[in-house]
file query-v6.tsv (TSV, C-alpha atoms)
chain	number	residue	atom	x	y	z
A	1	LEU	CA	-4.32	34.16	-9.40
A	2	LEU	CA	-6.42	31.09	-10.27
A	3	PRO	CA	-10.14	30.40	-10.37
A	4	VAL	CA	-11.13	28.43	-7.27
A	5	ALA	CA	-13.39	25.42	-7.67
A	6	ASP	CA	-15.98	24.23	-5.18
A	7	GLY	CA	-14.39	21.13	-3.70
A	8	VAL	CA	-10.85	20.69	-5.01
A	9	THR	CA	-8.71	23.15	-6.96
A	10	THR	CA	-5.71	21.98	-8.99
A	11	ALA	CA	-2.85	24.26	-9.98
A	12	ARG	CA	-0.29	23.21	-12.58
A	13	ILE	CA	3.12	24.52	-11.51
A	14	LEU	CA	6.23	24.93	-13.63
A	15	THR	CA	9.51	24.82	-11.72
A	16	LEU	CA	11.77	27.03	-13.81
A	17	ASN	CA	15.13	25.89	-12.43
A	18	THR	CA	14.43	22.27	-13.46
A	19	ASN	CA	11.71	22.85	-16.10
A	20	MET	CA	9.52	20.27	-14.33
A	21	GLN	CA	5.75	20.39	-14.05
A	22	CYS	CA	3.50	19.19	-11.26
A	23	ASP	CA	-0.18	19.41	-10.37
A	24	ALA	CA	-0.97	20.54	-6.83
A	25	SER	CA	-4.51	19.76	-5.69
A	26	MET	CA	-5.87	21.31	-2.52
A	27	PRO	CA	-9.26	21.29	-0.74
A	28	THR	CA	-11.36	24.36	-1.51
A	29	PRO	CA	-14.83	23.64	-0.06
A	30	GLY	CA	-17.31	26.35	-0.94
A	31	GLY	CA	-14.71	27.96	-3.18
A	32	LYS	CA	-12.38	28.85	-0.30
A	33	LEU	CA	-8.96	27.46	0.54
A	34	ARG	CA	-9.01	25.32	3.68
A	35	TYR	CA	-5.82	25.24	5.73
A	36	GLY	CA	-7.05	23.21	8.69
A	37	GLY	CA	-7.17	19.43	8.50
A	38	GLU	CA	-5.99	16.13	9.89
A	39	ALA	CA	-3.28	15.30	7.34
A	40	ARG	CA	0.01	14.50	9.05
A	41	ILE	CA	3.54	14.07	7.67
A	42	ASP	CA	6.38	12.58	9.68
A	43	GLY	CA	9.00	15.21	10.44
A	44	VAL	CA	6.48	18.08	10.16
A	45	PRO	CA	4.83	19.32	13.39
A	46	GLY	CA	1.05	19.35	13.74
A	47	THR	CA	-1.65	18.56	11.20
A	48	ALA	CA	-3.10	20.53	8.31
A	49	SER	CA	-5.14	20.28	5.14
A	50	PRO	CA	-3.84	17.68	2.65
A	51	ILE	CA	-2.25	18.89	-0.59
A	52	SER	CA	-1.69	16.25	-3.24
A	53	ILE	CA	1.36	16.79	-5.46
A	54	ASN	CA	1.43	14.91	-8.76
A	55	PHE	CA	4.83	15.15	-10.46
A	56	LEU	CA	4.54	14.83	-14.23
A	57	ASP	CA	8.03	14.87	-15.74
A	58	THR	CA	10.72	14.51	-13.11
A	59	ALA	CA	13.15	12.20	-14.94
A	60	GLY	CA	16.47	13.94	-15.55
A	61	SER	CA	15.60	17.12	-13.65
A	62	VAL	CA	19.25	18.25	-13.48
A	63	CYS	CA	21.13	15.32	-15.01
A	64	PRO	CA	20.82	14.44	-18.72
A	65	SER	CA	18.44	11.54	-17.97
A	66	LEU	CA	16.94	9.32	-15.27
A	67	LEU	CA	20.06	7.13	-15.27
A	68	PRO	CA	22.74	9.57	-16.44
A	69	SER	CA	25.49	6.94	-16.54
A	70	GLY	CA	23.31	4.70	-18.68
A	71	ASN	CA	23.33	1.99	-16.02
A	72	ALA	CA	20.98	0.98	-13.22
A	73	LEU	CA	24.04	-0.08	-11.23
A	74	ASP	CA	27.59	1.26	-11.40
A	75	HIS	CA	30.79	0.33	-9.60
A	76	VAL	CA	32.28	3.72	-8.86
A	77	ALA	CA	36.04	3.85	-8.35
A	78	VAL	CA	37.26	6.48	-5.91
A	79	GLY	CA	40.92	7.49	-5.99
A	80	GLY	CA	43.06	9.44	-3.57
A	81	GLN	CA	45.10	8.32	-0.57
A	82	SER	CA	42.53	5.66	0.38
A	83	PRO	CA	41.09	4.36	-2.91
A	84	PHE	CA	38.00	2.18	-2.89
A	85	GLU	CA	35.22	0.99	-5.18
A	86	VAL	CA	31.56	0.77	-4.29
A	87	ALA	CA	28.34	-0.28	-6.01
A	88	ALA	CA	25.92	2.60	-6.50
A	89	THR	CA	22.86	3.68	-8.43
A	90	LEU	CA	23.28	7.14	-9.95
A	91	ILE	CA	19.77	8.43	-10.54
A	92	ASP	CA	17.77	11.63	-11.02
A	93	ASN	CA	13.99	11.47	-10.89
A	94	GLY	CA	13.56	14.96	-9.51
A	95	MET	CA	16.73	15.02	-7.41
A	96	PRO	CA	20.22	13.87	-8.46
A	97	MET	CA	21.19	11.16	-5.99
A	98	VAL	CA	23.85	8.54	-5.35
A	99	LEU	CA	22.32	5.51	-3.64
A	100	VAL	CA	24.62	3.07	-1.86
A	101	ARG	CA	24.08	0.15	0.50
A	102	ALA	CA	24.69	1.02	4.14
A	103	GLY	CA	26.22	-2.42	4.58
A	104	ASP	CA	28.97	-1.59	2.10
A	105	PHE	CA	30.13	1.07	4.57
A	106	GLY	CA	29.96	-1.23	7.57
A	107	LEU	CA	26.62	0.17	8.75
A	108	GLU	CA	23.22	-1.28	9.56
A	109	GLY	CA	21.26	1.58	8.03
A	110	ASP	CA	19.33	2.45	11.19
A	111	GLU	CA	22.01	4.55	12.87
A	112	SER	CA	20.99	7.86	14.44
A	113	VAL	CA	21.56	11.15	12.66
A	114	ALA	CA	23.89	12.27	15.45
A	115	ALA	CA	26.00	9.12	15.15
A	116	LEU	CA	26.33	9.45	11.38
A	117	ASN	CA	27.22	13.13	11.55
A	118	ALA	CA	29.87	12.36	14.16
A	119	ASP	CA	31.43	9.69	11.93
A	120	MET	CA	34.00	11.82	10.14
A	121	PRO	CA	35.67	8.94	8.22
A	122	LEU	CA	32.26	7.96	6.82
A	123	ARG	CA	31.51	11.51	5.79
A	124	ALA	CA	34.90	11.81	4.11
A	125	ARG	CA	34.30	8.60	2.14
A	126	LEU	CA	30.82	9.73	1.07
A	127	GLU	CA	32.16	13.08	-0.09
A	128	ALA	CA	34.93	11.40	-2.07
A	129	LEU	CA	32.31	9.18	-3.68
A	130	ARG	CA	30.10	12.20	-4.43
A	131	LEU	CA	32.95	13.97	-6.19
A	132	ALA	CA	33.71	10.85	-8.23
A	133	ALA	CA	30.05	10.40	-9.18
A	134	GLY	CA	29.53	13.99	-10.37
A	135	PRO	CA	31.23	13.58	-13.77
A	136	LEU	CA	29.58	10.18	-14.27
A	137	MET	CA	26.20	11.89	-13.84
A	138	GLY	CA	26.98	14.65	-16.32
A	139	LEU	CA	27.26	17.20	-13.50
A	140	GLY	CA	30.97	17.88	-13.78
A	141	ASP	CA	32.78	19.18	-10.71
A	142	VAL	CA	30.24	19.12	-7.86
A	143	SER	CA	32.58	20.26	-5.09
A	144	ASP	CA	30.70	23.57	-4.78
A	145	LYS	CA	27.22	22.16	-5.49
A	146	ASN	CA	24.64	20.82	-3.06
A	147	TYR	CA	23.89	17.88	-5.34
A	148	PRO	CA	24.00	15.01	-5.91
A	149	GLU	CA	22.62	13.98	-2.54
A	150	MET	CA	24.12	10.88	-0.95
A	151	CYS	CA	21.78	8.23	0.42
A	152	LEU	CA	22.55	5.12	2.46
A	153	ILE	CA	19.87	2.47	1.95
A	154	ALA	CA	19.01	-0.66	3.91
A	155	ALA	CA	16.16	-3.09	4.39
A	156	PRO	CA	13.09	-1.48	5.99
A	157	ARG	CA	12.93	-1.43	9.77
A	158	ALA	CA	9.40	-0.21	10.47
A	159	GLY	CA	7.20	-1.96	7.92
A	160	GLY	CA	8.04	0.37	5.06
A	161	SER	CA	9.64	-0.26	1.69
A	162	LEU	CA	13.20	0.92	2.30
A	163	ALA	CA	15.24	2.54	5.08
A	164	THR	CA	17.24	5.65	4.16
A	165	ARG	CA	19.81	8.00	5.63
A	166	CYS	CA	20.28	11.04	3.37
A	167	PHE	CA	23.24	13.44	3.32
A	168	ILE	CA	22.51	16.86	1.78
A	169	PRO	CA	25.22	16.91	0.63
A	170	HIS	CA	27.61	16.48	3.57
A	171	VAL	CA	25.27	16.42	6.56
A	172	CYS	CA	22.85	13.63	7.45
A	173	HIS	CA	19.31	15.00	7.79
A	174	GLU	CA	16.45	14.03	10.09
A	175	SER	CA	14.08	13.40	7.18
A	176	ILE	CA	14.03	12.99	3.42
A	177	GLY	CA	13.11	15.65	0.88
A	178	VAL	CA	10.10	15.44	-1.40
A	179	LEU	CA	11.93	14.85	-4.67
A	180	ALA	CA	14.57	12.71	-2.95
A	181	ALA	CA	11.76	10.41	-1.79
A	182	VAL	CA	10.42	10.24	-5.35
A	183	THR	CA	13.89	9.39	-6.67
A	184	VAL	CA	14.51	6.69	-4.05
A	185	ALA	CA	11.08	5.17	-4.67
A	186	THR	CA	11.85	5.09	-8.40
A	187	ALA	CA	15.10	3.21	-7.75
A	188	CYS	CA	13.14	0.63	-5.78
A	189	VAL	CA	11.19	-0.42	-8.90
A	190	LEU	CA	14.08	-0.24	-11.37
A	191	PRO	CA	15.37	-3.71	-12.33
A	192	GLY	CA	19.01	-4.13	-11.42
A	193	SER	CA	19.28	-1.06	-9.17
A	194	ILE	CA	21.08	-0.98	-5.83
A	195	ALA	CA	17.69	-1.37	-4.12
A	196	GLN	CA	16.94	-4.74	-5.73
A	197	GLY	CA	16.82	-7.47	-3.11
A	198	ILE	CA	16.61	-4.86	-0.33
A	199	ALA	CA	13.42	-2.91	-0.99
A	200	ASP	CA	9.99	-4.35	-0.21
A	201	VAL	CA	7.89	-3.23	-3.21
A	202	PRO	CA	4.13	-3.84	-3.29
A	203	PRO	CA	2.80	-5.60	-6.39
A	204	GLY	CA	0.86	-3.92	-9.19
A	205	THR	CA	1.33	-0.97	-11.51
A	206	SER	CA	0.44	1.70	-8.94
A	207	PRO	CA	2.36	0.76	-5.80
A	208	THR	CA	2.67	3.06	-2.80
A	209	LEU	CA	6.17	2.91	-1.36
A	210	SER	CA	6.90	3.95	2.19
A	211	ILE	CA	10.39	5.46	2.33
A	212	GLU	CA	11.63	5.31	5.90
A	213	HIS	CA	13.85	8.10	7.27
A	214	PRO	CA	15.14	8.96	10.76
A	215	SER	CA	12.02	10.85	11.83
A	216	GLY	CA	9.39	8.60	10.24
A	217	GLU	CA	8.35	7.72	6.69
A	218	PHE	CA	7.36	9.37	3.42
A	219	SER	CA	4.80	7.65	1.18
A	220	VAL	CA	5.16	7.94	-2.59
A	221	GLU	CA	2.57	6.59	-5.01
A	222	LEU	CA	4.04	5.54	-8.35
A	223	LEU	CA	2.27	4.82	-11.60
A	224	LEU	CA	4.25	2.31	-13.64
A	225	ASP	CA	4.04	1.80	-17.38
A	226	PRO	CA	2.16	-1.52	-17.78
A	227	THR	CA	4.25	-2.39	-20.85
A	228	ASN	CA	7.51	-1.54	-19.04
A	229	PRO	CA	7.16	-1.95	-15.25
A	230	GLY	CA	10.57	-0.35	-14.70
A	231	LEU	CA	9.36	2.93	-16.22
A	232	VAL	CA	7.69	5.39	-13.83
A	233	ALA	CA	5.00	7.39	-15.61
A	234	ARG	CA	3.90	9.45	-12.59
A	235	ALA	CA	4.77	10.03	-8.96
A	236	ALA	CA	2.33	11.45	-6.43
A	237	LEU	CA	2.69	12.34	-2.77
A	238	LEU	CA	1.02	14.20	0.06
A	239	ARG	CA	2.11	17.52	1.54
A	240	THR	CA	0.60	20.03	3.94
A	241	ALA	CA	0.80	23.81	4.16
A	242	ARG	CA	-0.20	26.54	6.55
A	243	PRO	CA	-0.23	30.34	6.33
A	244	ILE	CA	2.77	31.96	8.03
A	245	MET	CA	2.38	35.68	7.35
A	246	ARG	CA	0.29	38.15	5.42
A	247	GLY	CA	1.08	41.67	4.31
A	248	GLU	CA	-0.23	44.64	2.39
A	249	VAL	CA	1.56	46.86	-0.13
A	250	LEU	CA	0.37	50.47	0.06
A	251	ILE	CA	-0.11	52.12	-3.34
A	252	PRO	CA	-0.90	55.85	-3.74
A	253	ALA	CA	-4.54	56.49	-4.64
A	254	PRO	CA	-3.84	58.38	-7.91
A	255	ILE	CA	-2.10	55.26	-9.25
call {"tool": "encode", "arguments": {"input": "query-v6.tsv", "output": "structure tokens"}}
result
Amino acid sequence: LLPVADGVTTARILTLNTNMQCDASMPTPGGKLRYGGEARIDGVPGTASPISINFLDTAGSVCPSLLPSGNALDHVAVGGQSPFEVAATLIDNGMPMVLVRAGDFGLEGDESVAALNADMPLRARLEALRLAAGPLMGLGDVSDKNYPEMCLIAAPRAGGSLATRCFIPHVCHESIGVLAAVTVATACVLPGSIAQGIADVPPGTSPTLSIEHPSGEFSVELLLDPTNPGLVARAALLRTARPIMRGEVLIPAPI
């Protein structure tokens, strides 16, 4: 579909369901796509050729804006039989998410996926919080939606920038999604967000943040606006891909 360059070929992709654009750059030595390589991503088996994804306009992908409530930090009140209030950052930089401190739920933030999925009271509280956050994020009733995702955050455990445990939306997952990692990394650099005082953010206007998850880490490179360091101008990350199947469609010769 696209002309292939000798070296690296970049495809600009429009995601129609969110109207977001990204540039995907992949190695094409000699004008041919190379699948083999040594690039490795935690949570993905084996190695493959590196594919760089540069997201161009992820803010407010589903919500009205990056911070749909208008605040970097909200205190969300949850009603019902066991009402509670919790501090949270409601954010959408590619994925609508509710970020909360693991410590506010009596957790360390390094619990296993199995332990978190077996903790039914925790899951019930997170779901109640998700339902309360939906209207605040301009999403309305989210009871039948798979967003926003819920994310417990804590100080990094393995030399990264932040430890995460993500629920999509009700089940804790072994890793973190691409756009969820971008959104969490964005919260790390936003003044006043739930991640302030917890995240370890490298200095400079193009920091690379290592987002820890149960099966490893996910590195996200941000480009910050030099005049407004809390504004993310670009987010880039590394993916891999491999061919899975190939087929032929048979068309009659007269056609």
call {"tool": "atom_distance", "arguments": {"input": "query-v6.tsv", "atom1": "atom CA of A:Leu231", "atom2": "atom CA of A:Met97"}}
result
17.7 Å
call {"tool": "atom_distance", "arguments": {"input": "query-v6.tsv", "atom1": "atom CA of A:Leu90", "atom2": "atom CA of A:Asn19"}}
result
20.5 Å
call {"tool": "residues_near_point", "arguments": {"input": "query-v6.tsv", "point": "(-1.8, 22.8, 5.2)", "cutoff": "12 Å", "atoms": "only C-alpha atoms", "output": "count of residues only"}}
result
29
call {"tool": "residues_around", "arguments": {"input": "query-v6.tsv", "residues": "stretch 105-110 of chain A", "least_positions_apart": "3", "cutoff": "9 Å", "atoms": "all atoms listed in the file", "output": "count of residues only"}}
result
17
call {"tool": "atom_distance", "arguments": {"input": "query-v6.tsv", "atom1": "atom CA of A:Glu174", "atom2": "atom CA of A:Asp200"}}
result
22.0 Å
call {"tool": "residues_around", "arguments": {"input": "query-v6.tsv", "residues": "stretch 62-65 of chain A", "least_positions_apart": "4", "cutoff": "9 Å", "atoms": "all atoms listed in the file", "output": "NGL selection string"}}
result
:A and (17-18 or 69-70 or 91-96 or 137-139)
call {"tool": "closest_residue", "arguments": {"input": "query-v6.tsv", "among": "A:Leu162, A:Val184, A:Ala124, A:Ala59", "to": "A:Gly80", "atoms": "all atoms listed in the file"}}
result
A:Ala124
call {"tool": "closest_residue", "arguments": {"input": "query-v6.tsv", "among": "A:Val76, A:Leu209, A:Ile13, A:Leu126", "to": "A:Glu221", "atoms": "all atoms listed in the file"}}
result
A:Leu209
call {"tool": "closest_residue", "arguments": {"input": "query-v6.tsv", "among": "A:Gly159, A:Pro3, A:Gly140, A:Pro135", "to": "A:Glu217", "atoms": "all atoms listed in the file"}}
result
A:Gly159
call {"tool": "closest_residue", "arguments": {"input": "query-v6.tsv", "among": "A:Val78, A:Ala253, A:Ala115, A:Ile211", "to": "A:Ala195", "atoms": "only C-alpha atoms"}}
result
A:Ile211
call {"tool": "axis_aligned_box", "arguments": {"input": "query-v6.tsv", "around": "stretch 6-13 of chain A", "padding_each_side": "3 Å", "output": "AutoDock Vina command-line options"}}
result
--center_x -6.4 --center_y 22.6 --center_z -8.1 --size_x 25.1 --size_y 9.8 --size_z 14.9
call {"tool": "closest_residue", "arguments": {"input": "query-v6.tsv", "among": "A:Val8, A:Met150, A:Leu56, A:Met20", "to": "A:Lys32", "atoms": "only C-alpha atoms"}}
result
A:Val8
call {"tool": "residues_near_point", "arguments": {"input": "query-v6.tsv", "point": "(7.5, 5.1, 9.8)", "cutoff": "7 Å", "atoms": "all atoms listed in the file", "output": "count of residues only"}}
result
5
call {"tool": "closest_residue", "arguments": {"input": "query-v6.tsv", "among": "A:Ala11, A:Cys188, A:Ile251, A:Ala236", "to": "A:Thr58", "atoms": "only C-alpha atoms"}}
result
A:Ala236
